[in-house]
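A.B. asks: The structure file structure-v8.csv (CSV, C-alpha atoms) is provided below.
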chain,number,residue,atom,x,y,z
A,1,MET,CA,178.0,219.9,98.5
A,2,ASP,CA,179.3,217.5,95.8
A,3,ASN,CA,180.6,215.1,98.5
A,4,LEU,CA,177.2,215.1,100.2
A,5,ILE,CA,175.5,214.3,96.9
A,6,LYS,CA,177.9,211.5,96.2
A,7,TRP,CA,177.4,210.1,99.8
A,8,ARG,CA,173.7,210.1,99.4
A,9,LYS,CA,173.9,208.4,96.0
A,10,THR,CA,176.2,205.7,97.5
A,11,CYS,CA,173.8,205.2,100.4
A,12,ASN,CA,170.8,204.9,98.1
A,13,LYS,CA,172.7,202.5,95.9
A,14,GLN,CA,173.6,200.3,98.9
A,15,LEU,CA,170.0,200.4,100.1
A,16,MET,CA,168.7,199.3,96.7
A,17,GLU,CA,171.2,196.5,96.5
A,18,GLU,CA,170.3,195.3,100.0
A,19,THR,CA,166.6,195.5,99.2
A,20,LEU,CA,167.2,193.3,96.1
A,21,LEU,CA,169.2,190.8,98.2
A,22,ILE,CA,166.4,190.6,100.8
A,23,GLU,CA,163.8,190.0,98.0
A,24,LYS,CA,165.9,187.3,96.5
A,25,ALA,CA,166.6,185.7,99.9
A,26,MET,CA,162.9,185.7,100.7
A,27,ARG,CA,162.4,183.8,97.5
A,28,GLY,CA,164.9,181.1,98.6
A,29,ASP,CA,168.1,182.4,97.0
A,30,LEU,CA,170.8,181.1,99.3
A,31,ASP,CA,173.5,183.2,97.7
A,32,ALA,CA,171.6,186.3,98.4
A,33,PHE,CA,171.0,185.2,102.0
A,34,ASN,CA,174.7,184.4,102.5
A,35,GLN,CA,175.6,187.9,101.2
A,36,LEU,CA,173.3,189.4,103.8
A,37,VAL,CA,174.9,187.3,106.5
A,38,LEU,CA,178.4,188.4,105.3
A,39,THR,CA,177.3,192.0,105.5
A,40,TYR,CA,176.3,191.9,109.1
A,41,GLN,CA,178.0,188.9,110.7
A,42,GLU,CA,180.9,190.9,112.1
A,43,MET,CA,178.6,193.5,113.6
A,44,ALA,CA,176.4,190.8,115.0
A,45,PHE,CA,179.3,188.9,116.6
A,46,ASN,CA,180.7,192.0,118.2
A,47,LEU,CA,177.4,192.8,119.7
A,48,ALA,CA,176.9,189.3,120.9
A,49,TYR,CA,180.4,189.2,122.4
A,50,ARG,CA,179.9,192.4,124.4
A,51,ILE,CA,176.6,191.0,125.8
A,52,MET,CA,177.9,187.5,126.4
A,53,ALA,CA,181.5,188.3,127.3
A,54,ASP,CA,182.7,185.0,125.9
A,55,ASP,CA,183.9,184.1,122.4
A,56,ALA,CA,182.3,180.7,122.2
A,57,ALA,CA,178.9,181.9,123.6
A,58,ALA,CA,178.9,184.9,121.2
A,59,ALA,CA,179.7,182.6,118.3
A,60,ASP,CA,176.8,180.3,119.3
A,61,ALA,CA,174.4,183.2,119.7
A,62,THR,CA,175.4,184.6,116.4
A,63,GLN,CA,174.9,181.3,114.7
A,64,ASP,CA,171.5,180.8,116.3
A,65,ALA,CA,170.6,184.3,115.2
A,66,VAL,CA,171.5,183.6,111.6
A,67,ILE,CA,169.5,180.4,111.6
A,68,SER,CA,166.6,182.3,113.2
A,69,MET,CA,166.9,185.1,110.6
A,70,TYR,CA,166.6,182.5,107.8
A,71,ARG,CA,163.5,181.0,109.3
A,72,LYS,CA,161.9,184.4,110.0
A,73,LEU,CA,162.7,186.1,106.7
A,74,ASP,CA,159.0,185.9,105.7
A,75,THR,CA,158.1,188.0,108.7
A,76,TYR,CA,160.3,190.9,107.7
A,77,ARG,CA,158.1,193.8,106.9
A,78,GLY,CA,160.5,196.4,105.7
A,79,GLY,CA,162.3,199.1,107.6
A,80,SER,CA,165.9,198.8,108.7
A,81,PHE,CA,167.1,195.3,108.0
A,82,LYS,CA,170.1,195.9,110.2
A,83,ALA,CA,167.9,196.7,113.2
A,84,TRP,CA,165.7,193.8,112.5
A,85,PHE,CA,168.6,191.4,112.4
A,86,LEU,CA,170.4,192.9,115.4
A,87,ARG,CA,167.1,192.5,117.4
A,88,ILE,CA,167.3,188.7,116.6
A,89,VAL,CA,170.9,188.7,117.7
A,90,THR,CA,170.0,190.4,121.0
A,91,ASN,CA,167.2,188.0,121.6
A,92,ALA,CA,169.5,185.0,121.0
A,93,CYS,CA,171.9,186.4,123.6
A,94,TYR,CA,169.1,186.9,126.1
A,95,ASP,CA,167.9,183.4,125.5
A,96,GLU,CA,171.4,182.0,126.2
A,97,LEU,CA,171.8,184.2,129.3
A,98,ARG,CA,168.5,182.8,130.7
A,99,LYS,CA,169.7,179.2,130.0
A,100,GLN,CA,172.9,179.9,131.8
A,101,LYS,CA,171.0,181.1,134.9
A,102,ARG,CA,168.9,177.9,134.9
A,103,ARG,CA,171.8,175.6,134.1
A,104,PRO,CA,173.3,174.1,137.3
A,105,THR,CA,177.0,174.6,137.6
A,106,ILE,CA,178.8,171.2,137.9
A,107,PRO,CA,182.5,171.3,138.6
A,108,LEU,CA,184.6,169.3,136.2
A,109,GLU,CA,187.1,167.3,138.3
A,110,PRO,CA,189.3,164.8,136.4
A,111,LEU,CA,189.9,161.5,138.3
A,112,THR,CA,192.9,159.4,138.8
A,113,ASP,CA,193.0,155.7,138.0
A,114,GLU,CA,191.7,155.1,141.6
A,115,ASP,CA,188.7,157.4,141.0
A,116,GLU,CA,190.2,160.0,143.2
A,117,PRO,CA,189.9,163.7,142.1
A,118,ILE,CA,193.1,165.2,140.8
A,119,GLU,CA,194.1,168.1,143.1
A,120,SER,CA,194.6,171.4,141.1
A,121,PRO,CA,194.9,169.8,137.7
A,122,ALA,CA,197.1,171.7,135.3
A,123,TRP,CA,194.4,172.1,132.6
A,124,ILE,CA,192.2,174.2,134.9
A,125,ALA,CA,195.0,176.5,136.0
A,126,ASP,CA,194.4,180.2,135.2
A,127,LYS,CA,196.8,180.9,132.4
A,128,SER,CA,195.6,184.4,131.7
A,129,PRO,CA,198.3,187.0,131.7
A,130,THR,CA,198.7,189.2,134.8
A,131,LEU,CA,197.8,192.8,134.7
A,132,GLU,CA,201.5,193.7,134.7
A,133,GLU,CA,202.0,191.7,131.5
A,134,ASN,CA,199.1,193.3,129.6
A,135,LEU,CA,199.4,196.5,127.6
A,136,ILE,CA,197.4,199.5,128.7
A,137,ASN,CA,194.8,198.9,126.0
A,138,THR,CA,194.3,195.3,127.1
A,139,GLN,CA,193.9,196.4,130.8
A,140,LEU,CA,191.3,199.0,129.7
A,141,GLU,CA,189.5,196.3,127.7
A,142,GLU,CA,189.3,194.0,130.6
A,143,ALA,CA,188.1,196.8,132.9
A,144,ILE,CA,185.4,197.8,130.5
A,145,GLN,CA,184.3,194.2,129.9
A,146,HIS,CA,184.2,193.6,133.6
A,147,CYS,CA,182.0,196.6,134.2
A,148,LEU,CA,179.8,195.7,131.2
A,149,ASN,CA,179.3,192.2,132.7
A,150,ASN,CA,177.9,193.8,135.9
A,151,LEU,CA,175.2,195.7,134.0
A,152,ASP,CA,171.7,194.3,133.6
A,153,ALA,CA,171.2,193.0,130.1
A,154,LYS,CA,168.9,195.8,129.1
A,155,PHE,CA,171.4,198.4,130.0
A,156,ARG,CA,174.4,196.5,128.6
A,157,THR,CA,172.7,196.1,125.2
A,158,VAL,CA,172.0,199.8,124.9
A,159,ILE,CA,175.5,201.0,125.9
A,160,VAL,CA,177.2,198.4,123.7
A,161,MET,CA,175.1,199.3,120.7
A,162,VAL,CA,175.5,203.1,121.1
A,163,ASP,CA,178.9,203.7,122.7
A,164,ILE,CA,180.8,200.6,121.3
A,165,SER,CA,179.1,199.7,118.1
A,166,GLY,CA,178.2,203.2,117.1
A,167,GLN,CA,174.6,202.6,116.3
A,168,ASP,CA,172.2,205.6,116.3
A,169,TYR,CA,169.3,205.9,118.8
A,170,GLU,CA,166.7,205.1,116.2
A,171,THR,CA,168.3,201.8,115.3
A,172,VAL,CA,168.7,200.8,118.9
A,173,ALA,CA,165.1,201.8,119.6
A,174,GLU,CA,164.0,199.4,116.8
A,175,VAL,CA,166.2,196.6,118.1
A,176,ILE,CA,164.8,196.8,121.7
A,177,LYS,CA,161.3,197.7,120.5
A,178,SER,CA,161.2,200.8,122.8
A,179,PRO,CA,160.9,204.6,122.2
A,180,VAL,CA,164.0,206.6,121.6
A,181,GLY,CA,163.4,208.2,125.0
A,182,THR,CA,163.8,204.8,126.7
A,183,VAL,CA,167.1,204.3,124.8
A,184,LYS,CA,168.4,207.6,126.1
A,185,SER,CA,167.3,206.9,129.6
A,186,ARG,CA,168.9,203.5,129.7
A,187,LEU,CA,172.0,204.8,128.1
A,188,PHE,CA,172.3,207.6,130.8
A,189,ARG,CA,171.9,205.1,133.6
A,190,ALA,CA,174.3,202.6,132.0
A,191,ARG,CA,177.0,205.3,131.6
A,192,LEU,CA,176.6,206.3,135.3
A,193,LYS,CA,176.9,202.6,136.4
A,194,MET,CA,180.0,202.2,134.1
A,195,GLN,CA,181.6,205.3,135.5
A,196,GLU,CA,181.0,204.2,139.1
A,197,CYS,CA,182.4,200.7,138.3
A,198,LEU,CA,185.5,202.0,136.5
A,199,ARG,CA,186.4,204.2,139.5
A,200,GLY,CA,187.3,201.0,141.3
A,201,PHE,CA,190.1,200.2,138.9
A,202,GLY,CA,192.1,203.3,139.8
A,203,GLU,CA,195.6,203.1,138.3
A,204,LEU,CA,194.6,200.4,135.8
A,205,ILE,CA,192.8,203.1,133.8
A,206,PRO,CA,195.1,205.2,131.6
A,207,ASP,CA,195.1,208.9,132.4
A,208,ARG,CA,193.2,209.9,129.3
A,209,PHE,CA,190.4,207.5,130.2
A,210,ARG,CA,190.5,207.9,134.0
A,211,LEU,CA,187.6,209.6,135.7
A,212,ASN,CA,188.3,212.7,137.7
A,213,SER,CA,188.2,210.9,141.0
A,214,GLU,CA,191.0,213.1,142.3
A,215,ASP,CA,188.8,216.2,141.6
A,216,ASP,CA,186.0,214.8,143.7
A,217,ASP,CA,188.1,215.3,146.8
A,218,VAL,CA,188.8,219.0,146.1
Please rewrite the model in this file as C-alpha cells.
C.D. replies:
Amino acid sequence: MDNLIKWRKTCNKQLMEETLLIEKAMRGDLDAFNQLVLTYQEMAFNLAYRIMADDAAAADATQDAVISMYRKLDTYRGGSFKAWFLRIVTNACYDELRKQKRRPTIPLEPLTDEDEPIESPAWIADKSPTLEENLINTQLEEAIQHCLNNLDAKFRTVIVMVDISGQDYETVAEVIKSPVGTVKSRLFRARLKMQECLRGFGELIPDRFRLNSEDDDV
C-alpha cells in the first residue's frame, strides 16, 4: 500500500510539473518548451522510426512534429499532452509517407568524364551484413520491421504504439482520434497480419519467438 501511495504521489508531482511547463511554454518560455521536447523526443523518434522504417525520415518527421507542436501550442486544450504530441508525430509521418508516394523515383547514376553512366558504382553497392553475419536479435529486428513495413499505416501505427512503445489503449485512441474499440480491432488485425508475415521467415525467427507453424500440420 505504501508503494502505491508513493507511486501516485510521484505521478501527481510529474503531472503538476508538466502542466507548469506547458503553461510556461504557451506563454513563450523556450526553456520550458525545450524541456517538454526533451521529455518526449525519444518516444517520438521511436514511433516515427517504426512508421517510417528509416532513420533520416524518422528524424525529419520528428523535427517537423516539434516545429508543429510549437506552432500549435495555443490549440492544446488539456488532457494527455503525450497523446496530443504523439498525434502530431503520427500526422507528420503520414504526411511524409504521402509525399513519398507522390514523389517520382529517379535513379541516381553517376557519370564518367564522357557522360556515360558508371556501371554498378561502388557507392550504391549493398553493404548491409548478410543474415549469417547478424545476431539473432538483429535478424528478428529485420524480420519484424519488414513485416511492419507491409502493414497499412493505420494498422502499423496502432501495433507500434501498443506492442512496441507500450502505450495504453486510451492514449492510442487519443492519438488516432478513434474509439478504444477501433484501437483494439486494428490491433487484432495488425497482429494477425504480422503473424502471417513472420511465418515466411521460418528459421530466421528464434525458437522462443517462432510461431507454431509445425503444429499447424498436426
A.B. asks: Can you list, as a PDB file with C-alpha atoms, keeping the file's coordinate frame, every protein, DNA or RNA residue that comes within 6 Å of range 176-191 of chain A when you count only C-alpha atoms, leaving out same-chain residues fewer than 3 positions away?
C.D. replies:
ATOM      1  CA  PHE A 155     171.400 198.400 130.000  1.00  0.00           C
ATOM      2  CA  VAL A 158     172.000 199.800 124.900  1.00  0.00           C
ATOM      3  CA  ILE A 159     175.500 201.000 125.900  1.00  0.00           C
ATOM      4  CA  ALA A 173     165.100 201.800 119.600  1.00  0.00           C
ATOM      5  CA  MET A 194     180.000 202.200 134.100  1.00  0.00           C
TER       6      MET A 194
END
A.B. asks: Residues around (172.4, 183.0, 116.6), cut-off 12 Å, counting all atoms listed in the file - what are they as a PyMOL selection string?
C.D. replies: chain A and resi 37+41+44-45+47-49+56-71+85-96
A.B. asks: In Å, rounded to a single decimal, give me how far CA of Phe81 in chain A is from CA of Asp29 in chain A.
C.D. replies: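 These two atoms are separated by 17.0 Å.
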A.B. asks: Suppose you want the space between CA of Leu198 in chain A and CA of Ala153 in chain A; what is it in Å?
C.D. replies: 18.1 Å
A.B. asks: So that I can see what lies close to Gln145 in chain A, please list as a PyMOL selection string the residues with an atom at most 12 Å from it, counting all atoms listed in the file and leaving out residues fewer than 5 positions away in the same chain.
C.D. replies: chain A and resi 49-54+138-140+150-151+156+159-160+164+194+197-198
A.B. asks: Would you mind reading off the distance between CA of Thr39 in chain A and CA of Ile22 in chain A, one decimal, in Å?
C.D. replies: 12.0 Å
